[in-house]
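As provided, upload-v2.pdb (PDB, N, CA and C atoms) reads as follows.
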```
MODEL        1
ATOM      1  N   MET A   1      91.745 100.568  83.484  1.00  0.00           N
ATOM      2  CA  MET A   1      92.004 100.935  84.851  1.00  0.00           C
ATOM      3  C   MET A   1      91.559 102.373  85.057  1.00  0.00           C
ATOM      4  N   ARG A   2      90.935 102.615  86.168  1.00  0.00           N
ATOM      5  CA  ARG A   2      90.463 103.969  86.471  1.00  0.00           C
ATOM      6  C   ARG A   2      91.632 104.907  86.744  1.00  0.00           C
ATOM      7  N   VAL A   3      91.412 106.176  86.428  1.00  0.00           N
ATOM      8  CA  VAL A   3      92.456 107.181  86.630  1.00  0.00           C
ATOM      9  C   VAL A   3      92.733 107.371  88.118  1.00  0.00           C
ATOM     10  N   GLU A   4      91.690 107.327  88.942  1.00  0.00           N
ATOM     11  CA  GLU A   4      91.885 107.503  90.383  1.00  0.00           C
ATOM     12  C   GLU A   4      92.740 106.375  90.956  1.00  0.00           C
ATOM     13  N   LEU A   5      92.480 105.161  90.486  1.00  0.00           N
ATOM     14  CA  LEU A   5      93.253 104.025  90.965  1.00  0.00           C
ATOM     15  C   LEU A   5      94.706 104.128  90.512  1.00  0.00           C
ATOM     16  N   LEU A   6      94.905 104.603  89.300  1.00  0.00           N
ATOM     17  CA  LEU A   6      96.263 104.761  88.786  1.00  0.00           C
ATOM     18  C   LEU A   6      97.045 105.788  89.593  1.00  0.00           C
ATOM     19  N   THR A   7      96.425 106.927  89.883  1.00  0.00           N
ATOM     20  CA  THR A   7      97.124 107.941  90.676  1.00  0.00           C
ATOM     21  C   THR A   7      97.269 107.503  92.126  1.00  0.00           C
ATOM     22  N   THR A   8      96.305 106.727  92.612  1.00  0.00           N
ATOM     23  CA  THR A   8      96.401 106.233  93.981  1.00  0.00           C
ATOM     24  C   THR A   8      97.580 105.278  94.125  1.00  0.00           C
ATOM     25  N   LEU A   9      97.868 104.540  93.081  1.00  0.00           N
ATOM     26  CA  LEU A   9      98.992 103.606  93.131  1.00  0.00           C
ATOM     27  C   LEU A   9     100.299 104.214  92.645  1.00  0.00           C
ATOM     28  N   ALA A  10     100.269 104.975  91.579  1.00  0.00           N
ATOM     29  CA  ALA A  10     101.497 105.424  90.926  1.00  0.00           C
ATOM     30  C   ALA A  10     102.278 106.431  91.759  1.00  0.00           C
ATOM     31  N   ILE A  11     101.596 107.411  92.302  1.00  0.00           N
ATOM     32  CA  ILE A  11     102.298 108.471  93.035  1.00  0.00           C
ATOM     33  C   ILE A  11     102.953 107.940  94.312  1.00  0.00           C
ATOM     34  N   PRO A  12     102.239 107.191  95.175  1.00  0.00           N
ATOM     35  CA  PRO A  12     102.919 106.661  96.365  1.00  0.00           C
ATOM     36  C   PRO A  12     104.042 105.675  96.038  1.00  0.00           C
ATOM     37  N   ILE A  13     103.862 104.871  95.002  1.00  0.00           N
ATOM     38  CA  ILE A  13     104.928 103.944  94.624  1.00  0.00           C
ATOM     39  C   ILE A  13     106.140 104.717  94.117  1.00  0.00           C
ATOM     40  N   LEU A  14     105.925 105.769  93.357  1.00  0.00           N
ATOM     41  CA  LEU A  14     107.028 106.599  92.879  1.00  0.00           C
ATOM     42  C   LEU A  14     107.764 107.256  94.049  1.00  0.00           C
ATOM     43  N   VAL A  15     107.020 107.775  95.018  1.00  0.00           N
ATOM     44  CA  VAL A  15     107.645 108.420  96.180  1.00  0.00           C
ATOM     45  C   VAL A  15     108.426 107.402  97.000  1.00  0.00           C
ATOM     46  N   SER A  16     107.878 106.210  97.180  1.00  0.00           N
ATOM     47  CA  SER A  16     108.604 105.192  97.942  1.00  0.00           C
ATOM     48  C   SER A  16     109.863 104.751  97.198  1.00  0.00           C
ATOM     49  N   MET A  17     109.815 104.676  95.876  1.00  0.00           N
ATOM     50  CA  MET A  17     111.010 104.335  95.113  1.00  0.00           C
ATOM     51  C   MET A  17     112.068 105.437  95.231  1.00  0.00           C
ATOM     52  N   LEU A  18     111.629 106.693  95.290  1.00  0.00           N
ATOM     53  CA  LEU A  18     112.579 107.789  95.500  1.00  0.00           C
ATOM     54  C   LEU A  18     113.223 107.695  96.879  1.00  0.00           C
ATOM     55  N   MET A  19     112.434 107.313  97.891  1.00  0.00           N
ATOM     56  CA  MET A  19     113.000 107.123  99.227  1.00  0.00           C
ATOM     57  C   MET A  19     114.035 106.006  99.236  1.00  0.00           C
ATOM     58  N   PHE A  20     113.711 104.888  98.580  1.00  0.00           N
ATOM     59  CA  PHE A  20     114.658 103.780  98.494  1.00  0.00           C
ATOM     60  C   PHE A  20     115.918 104.195  97.731  1.00  0.00           C
ATOM     61  N   SER A  21     115.743 104.982  96.686  1.00  0.00           N
ATOM     62  CA  SER A  21     116.891 105.430  95.893  1.00  0.00           C
ATOM     63  C   SER A  21     117.812 106.335  96.702  1.00  0.00           C
ATOM     64  N   TYR A  22     117.229 107.254  97.463  1.00  0.00           N
ATOM     65  CA  TYR A  22     118.048 108.156  98.281  1.00  0.00           C
ATOM     66  C   TYR A  22     118.737 107.391  99.401  1.00  0.00           C
ATOM     67  N   ALA A  23     118.045 106.425 100.001  1.00  0.00           N
ATOM     68  CA  ALA A  23     118.674 105.600 101.036  1.00  0.00           C
ATOM     69  C   ALA A  23     119.821 104.791 100.439  1.00  0.00           C
ATOM     70  N   GLY A  24     119.626 104.258  99.243  1.00  0.00           N
ATOM     71  CA  GLY A  24     120.689 103.520  98.574  1.00  0.00           C
ATOM     72  C   GLY A  24     121.862 104.409  98.203  1.00  0.00           C
ATOM     73  N   PHE A  25     121.570 105.634  97.775  1.00  0.00           N
ATOM     74  CA  PHE A  25     122.623 106.592  97.452  1.00  0.00           C
ATOM     75  C   PHE A  25     123.453 106.912  98.691  1.00  0.00           C
ATOM     76  N   CYS A  26     122.770 107.167  99.803  1.00  0.00           N
ATOM     77  CA  CYS A  26     123.489 107.452 101.047  1.00  0.00           C
ATOM     78  C   CYS A  26     124.314 106.249 101.485  1.00  0.00           C
ATOM     79  N   TRP A  27     123.770 105.046 101.302  1.00  0.00           N
ATOM     80  CA  TRP A  27     124.493 103.840 101.702  1.00  0.00           C
ATOM     81  C   TRP A  27     125.726 103.617 100.821  1.00  0.00           C
ATOM     82  N   MET A  28     125.578 103.859  99.526  1.00  0.00           N
ATOM     83  CA  MET A  28     126.708 103.648  98.621  1.00  0.00           C
ATOM     84  C   MET A  28     127.818 104.672  98.855  1.00  0.00           C
ATOM     85  N   LYS A  29     127.448 105.923  99.093  1.00  0.00           N
ATOM     86  CA  LYS A  29     128.442 106.973  99.313  1.00  0.00           C
ATOM     87  C   LYS A  29     128.935 107.018 100.757  1.00  0.00           C
ATOM     88  N   GLN A  30     128.222 106.321 101.655  1.00  0.00           N
ATOM     89  CA  GLN A  30     128.547 106.319 103.085  1.00  0.00           C
ATOM     90  C   GLN A  30     128.529 107.730 103.668  1.00  0.00           C
ATOM     91  N   LYS A  31     127.603 108.554 103.148  1.00  0.00           N
ATOM     92  CA  LYS A  31     127.438 109.917 103.640  1.00  0.00           C
ATOM     93  C   LYS A  31     125.956 110.230 103.753  1.00  0.00           C
ATOM     94  N   VAL A  32     125.643 111.205 104.598  1.00  0.00           N
ATOM     95  CA  VAL A  32     124.273 111.654 104.771  1.00  0.00           C
ATOM     96  C   VAL A  32     124.296 113.171 104.918  1.00  0.00           C
ATOM     97  N   HIS A  33     123.233 113.816 104.453  1.00  0.00           N
ATOM     98  CA  HIS A  33     123.171 115.275 104.544  1.00  0.00           C
ATOM     99  C   HIS A  33     122.564 115.667 105.879  1.00  0.00           C
ATOM    100  N   VAL A  34     123.305 116.450 106.644  1.00  0.00           N
ATOM    101  CA  VAL A  34     122.852 116.933 107.947  1.00  0.00           C
ATOM    102  C   VAL A  34     122.535 118.406 107.802  1.00  0.00           C
ATOM    103  N   ARG A  35     121.332 118.785 108.210  1.00  0.00           N
ATOM    104  CA  ARG A  35     120.915 120.181 108.068  1.00  0.00           C
ATOM    105  C   ARG A  35     121.836 121.095 108.874  1.00  0.00           C
ATOM    106  N   GLY A  36     122.327 122.123 108.222  1.00  0.00           N
ATOM    107  CA  GLY A  36     123.194 123.103 108.856  1.00  0.00           C
ATOM    108  C   GLY A  36     124.665 122.724 108.875  1.00  0.00           C
ATOM    109  N   LYS A  37     124.969 121.451 108.563  1.00  0.00           N
ATOM    110  CA  LYS A  37     126.355 120.997 108.603  1.00  0.00           C
ATOM    111  C   LYS A  37     126.835 120.451 107.270  1.00  0.00           C
ATOM    112  N   GLY A  38     125.925 120.179 106.362  1.00  0.00           N
ATOM    113  CA  GLY A  38     126.303 119.654 105.053  1.00  0.00           C
ATOM    114  C   GLY A  38     126.409 118.145 105.064  1.00  0.00           C
ATOM    115  N   TRP A  39     127.176 117.618 104.122  1.00  0.00           N
ATOM    116  CA  TRP A  39     127.338 116.170 104.003  1.00  0.00           C
ATOM    117  C   TRP A  39     128.332 115.686 105.036  1.00  0.00           C
ATOM    118  N   ARG A  40     127.923 114.691 105.819  1.00  0.00           N
ATOM    119  CA  ARG A  40     128.778 114.081 106.834  1.00  0.00           C
ATOM    120  C   ARG A  40     128.950 112.603 106.519  1.00  0.00           C
ATOM    121  N   SER A  41     130.136 112.104 106.769  1.00  0.00           N
ATOM    122  CA  SER A  41     130.383 110.686 106.513  1.00  0.00           C
ATOM    123  C   SER A  41     129.819 109.852 107.659  1.00  0.00           C
ATOM    124  N   LYS A  42     129.787 108.552 107.434  1.00  0.00           N
ATOM    125  CA  LYS A  42     129.283 107.638 108.447  1.00  0.00           C
ATOM    126  C   LYS A  42     130.169 107.659 109.690  1.00  0.00           C
ATOM    127  N   GLU A  43     131.456 107.885 109.509  1.00  0.00           N
ATOM    128  CA  GLU A  43     132.372 107.921 110.638  1.00  0.00           C
ATOM    129  C   GLU A  43     132.205 109.196 111.465  1.00  0.00           C
ATOM    130  N   GLU A  44     131.850 110.302 110.803  1.00  0.00           N
ATOM    131  CA  GLU A  44     131.687 111.576 111.512  1.00  0.00           C
ATOM    132  C   GLU A  44     130.406 111.612 112.343  1.00  0.00           C
ATOM    133  N   SER A  45     129.342 111.045 111.825  1.00  0.00           N
ATOM    134  CA  SER A  45     128.073 111.031 112.572  1.00  0.00           C
ATOM    135  C   SER A  45     127.335 109.720 112.290  1.00  0.00           C
ATOM    136  N   PRO A  46     127.743 108.654 112.984  1.00  0.00           N
ATOM    137  CA  PRO A  46     127.145 107.344 112.692  1.00  0.00           C
ATOM    138  C   PRO A  46     125.683 107.226 113.095  1.00  0.00           C
ATOM    139  N   LYS A  47     125.282 107.858 114.192  1.00  0.00           N
ATOM    140  CA  LYS A  47     123.883 107.763 114.619  1.00  0.00           C
ATOM    141  C   LYS A  47     122.956 108.409 113.601  1.00  0.00           C
ATOM    142  N   THR A  48     123.341 109.568 113.110  1.00  0.00           N
ATOM    143  CA  THR A  48     122.533 110.262 112.112  1.00  0.00           C
ATOM    144  C   THR A  48     122.477 109.465 110.817  1.00  0.00           C
ATOM    145  N   PHE A  49     123.591 108.880 110.430  1.00  0.00           N
ATOM    146  CA  PHE A  49     123.629 108.085 109.208  1.00  0.00           C
ATOM    147  C   PHE A  49     122.669 106.907 109.290  1.00  0.00           C
ATOM    148  N   TYR A  50     122.804 106.096 110.325  1.00  0.00           N
ATOM    149  CA  TYR A  50     121.953 104.911 110.443  1.00  0.00           C
ATOM    150  C   TYR A  50     120.488 105.283 110.677  1.00  0.00           C
ATOM    151  N   PHE A  51     120.243 106.344 111.421  1.00  0.00           N
ATOM    152  CA  PHE A  51     118.872 106.791 111.653  1.00  0.00           C
ATOM    153  C   PHE A  51     118.224 107.229 110.345  1.00  0.00           C
ATOM    154  N   THR A  52     118.921 108.021 109.555  1.00  0.00           N
ATOM    155  CA  THR A  52     118.360 108.518 108.299  1.00  0.00           C
ATOM    156  C   THR A  52     118.090 107.387 107.315  1.00  0.00           C
ATOM    157  N   VAL A  53     119.042 106.491 107.155  1.00  0.00           N
ATOM    158  CA  VAL A  53     118.869 105.382 106.210  1.00  0.00           C
ATOM    159  C   VAL A  53     117.743 104.458 106.663  1.00  0.00           C
ATOM    160  N   SER A  54     117.685 104.149 107.946  1.00  0.00           N
ATOM    161  CA  SER A  54     116.640 103.249 108.424  1.00  0.00           C
ATOM    162  C   SER A  54     115.261 103.892 108.361  1.00  0.00           C
ATOM    163  N   ILE A  55     115.162 105.174 108.649  1.00  0.00           N
ATOM    164  CA  ILE A  55     113.861 105.861 108.570  1.00  0.00           C
ATOM    165  C   ILE A  55     113.385 105.932 107.127  1.00  0.00           C
ATOM    166  N   LEU A  56     114.274 106.207 106.192  1.00  0.00           N
ATOM    167  CA  LEU A  56     113.890 106.248 104.779  1.00  0.00           C
ATOM    168  C   LEU A  56     113.396 104.887 104.297  1.00  0.00           C
ATOM    169  N   ILE A  57     114.078 103.834 104.684  1.00  0.00           N
ATOM    170  CA  ILE A  57     113.652 102.494 104.278  1.00  0.00           C
ATOM    171  C   ILE A  57     112.337 102.129 104.950  1.00  0.00           C
ATOM    172  N   PHE A  58     112.190 102.445 106.230  1.00  0.00           N
ATOM    173  CA  PHE A  58     110.963 102.135 106.960  1.00  0.00           C
ATOM    174  C   PHE A  58     109.758 102.846 106.348  1.00  0.00           C
ATOM    175  N   PHE A  59     109.869 104.156 106.138  1.00  0.00           N
ATOM    176  CA  PHE A  59     108.748 104.902 105.560  1.00  0.00           C
ATOM    177  C   PHE A  59     108.475 104.505 104.111  1.00  0.00           C
ATOM    178  N   GLY A  60     109.521 104.147 103.377  1.00  0.00           N
ATOM    179  CA  GLY A  60     109.325 103.664 102.011  1.00  0.00           C
ATOM    180  C   GLY A  60     108.530 102.372 101.976  1.00  0.00           C
ATOM    181  N   ILE A  61     108.854 101.440 102.874  1.00  0.00           N
ATOM    182  CA  ILE A  61     108.117 100.172 102.943  1.00  0.00           C
ATOM    183  C   ILE A  61     106.685 100.404 103.381  1.00  0.00           C
ATOM    184  N   ILE A  62     106.487 101.232 104.407  1.00  0.00           N
ATOM    185  CA  ILE A  62     105.135 101.521 104.895  1.00  0.00           C
ATOM    186  C   ILE A  62     104.296 102.162 103.796  1.00  0.00           C
ATOM    187  N   GLN A  63     104.843 103.126 103.103  1.00  0.00           N
ATOM    188  CA  GLN A  63     104.097 103.801 102.049  1.00  0.00           C
ATOM    189  C   GLN A  63     103.793 102.866 100.886  1.00  0.00           C
ATOM    190  N   LEU A  64     104.730 102.029 100.539  1.00  0.00           N
ATOM    191  CA  LEU A  64     104.526 101.084  99.443  1.00  0.00           C
ATOM    192  C   LEU A  64     103.408 100.099  99.769  1.00  0.00           C
ATOM    193  N   PHE A  65     103.464  99.485 100.934  1.00  0.00           N
ATOM    194  CA  PHE A  65     102.445  98.504 101.288  1.00  0.00           C
ATOM    195  C   PHE A  65     101.091  99.135 101.599  1.00  0.00           C
ATOM    196  N   SER A  66     101.096 100.321 102.191  1.00  0.00           N
ATOM    197  CA  SER A  66      99.805 100.953 102.486  1.00  0.00           C
ATOM    198  C   SER A  66      99.103 101.413 101.216  1.00  0.00           C
ATOM    199  N   SER A  67      99.866 101.868 100.225  1.00  0.00           N
ATOM    200  CA  SER A  67      99.221 102.289  98.982  1.00  0.00           C
ATOM    201  C   SER A  67      98.622 101.085  98.262  1.00  0.00           C
ATOM    202  N   ILE A  68      99.309  99.962  98.283  1.00  0.00           N
ATOM    203  CA  ILE A  68      98.773  98.759  97.644  1.00  0.00           C
ATOM    204  C   ILE A  68      97.572  98.221  98.433  1.00  0.00           C
ATOM    205  N   TYR A  69      97.664  98.263  99.758  1.00  0.00           N
ATOM    206  CA  TYR A  69      96.573  97.749 100.589  1.00  0.00           C
ATOM    207  C   TYR A  69      95.308  98.592 100.442  1.00  0.00           C
ATOM    208  N   PHE A  70      95.455  99.908 100.527  1.00  0.00           N
ATOM    209  CA  PHE A  70      94.269 100.772 100.461  1.00  0.00           C
ATOM    210  C   PHE A  70      93.725 100.943  99.052  1.00  0.00           C
ATOM    211  N   ALA A  71      94.490 100.600  98.038  1.00  0.00           N
ATOM    212  CA  ALA A  71      93.998 100.693  96.664  1.00  0.00           C
ATOM    213  C   ALA A  71      92.985  99.588  96.367  1.00  0.00           C
ATOM    214  N   ARG A  72      93.003  98.529  97.152  1.00  0.00           N
ATOM    215  CA  ARG A  72      92.061  97.444  96.944  1.00  0.00           C
ATOM    216  C   ARG A  72      90.633  97.864  97.297  1.00  0.00           C
ATOM    217  N   PHE A  73      90.477  98.805  98.197  1.00  0.00           N
ATOM    218  CA  PHE A  73      89.139  99.162  98.696  1.00  0.00           C
ATOM    219  C   PHE A  73      88.543 100.312  97.978  1.00  0.00           C
TER     220      PHE A  73
ENDMDL
END
```

Using structure tokens, write down the structure from this file.
Amino acid sequence: MRVELLTTLAIPILVSMLMFSYAGFCWMKQKVHVRGKGWRSKEESPKTFYFTVSILIFFGIIQLFSSIYFARF
């Protein structure tokens, strides 16, 4: 396997796995880090919690599939 192909696949997949891991961590702890306010629970700021978790999962999926799709070409 070529080195360029390996880095093209490995780095984005690693970053997407980190995004999934952080989203899972926030979901398990039911807390999210809010800039300037620290860690807030889901009850204290539900919109921020759901927005952060959903954005992390969305971008993780997009990055995972786009890296696999563009690595073919």

Which residues fall under the PyMOL selection byres (((chain A and resi 48 and name CA) around 12) and name CA) in this file, as a PyMOL selection string?
chain A and resi 26+30-35+37+39-47+49-55

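The interatomic distance for the pair CA of Ser66 (chain A) and CA of Leu18 (chain A) works out to 16.1 Å.
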
As a check of understanding: the span from atom C of Phe25 (chain A) to atom C of Leu56 (chain A) is 11.7 Å

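CA of Phe65 (chain A) is found 12.3 Å from CA of Val15 (chain A).
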
If you count only N, CA and C atoms, the residue of A:Glu4, A:Ile57, A:Leu9, A:Gln63 closest to Tyr22 (chain A) turns out to be A:Ile57

Please give the complete set of residues from chain A that DSSP, run on the backbone, assigns to helix (DSSP H, G or I), formatted as a PyMOL selection string.
chain A and resi 3-29+46-71

Closest of A:Leu6, A:Met17, A:Gly36, A:Ala71 to Phe59 (chain A) - atom-to-atom distances counting only C-alpha atoms
A:Met17

Extract the full set of strand (DSSP E) residues from chain A according to DSSP on the backbone, and format it as a PyMOL selection string.
chain A and resi 31-34+38-41

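Counting only C-alpha atoms, the residue from A:Lys29, A:Ala23, A:Ile68, A:Gly38 that sits nearest to Ile11 (chain A) is A:Ile68.
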
Once 6 Å is added on each side, what are the centre and the three edge lengths, in Å to one decimal, of the axis-aligned box enclosing the listed atoms of region 46-59 of chain A? Present them as JSON.
```
{"center_x": 118.1, "center_y": 106.2, "center_z": 109.4, "size_x": 31.3, "size_y": 20.1, "size_z": 22.5}
```
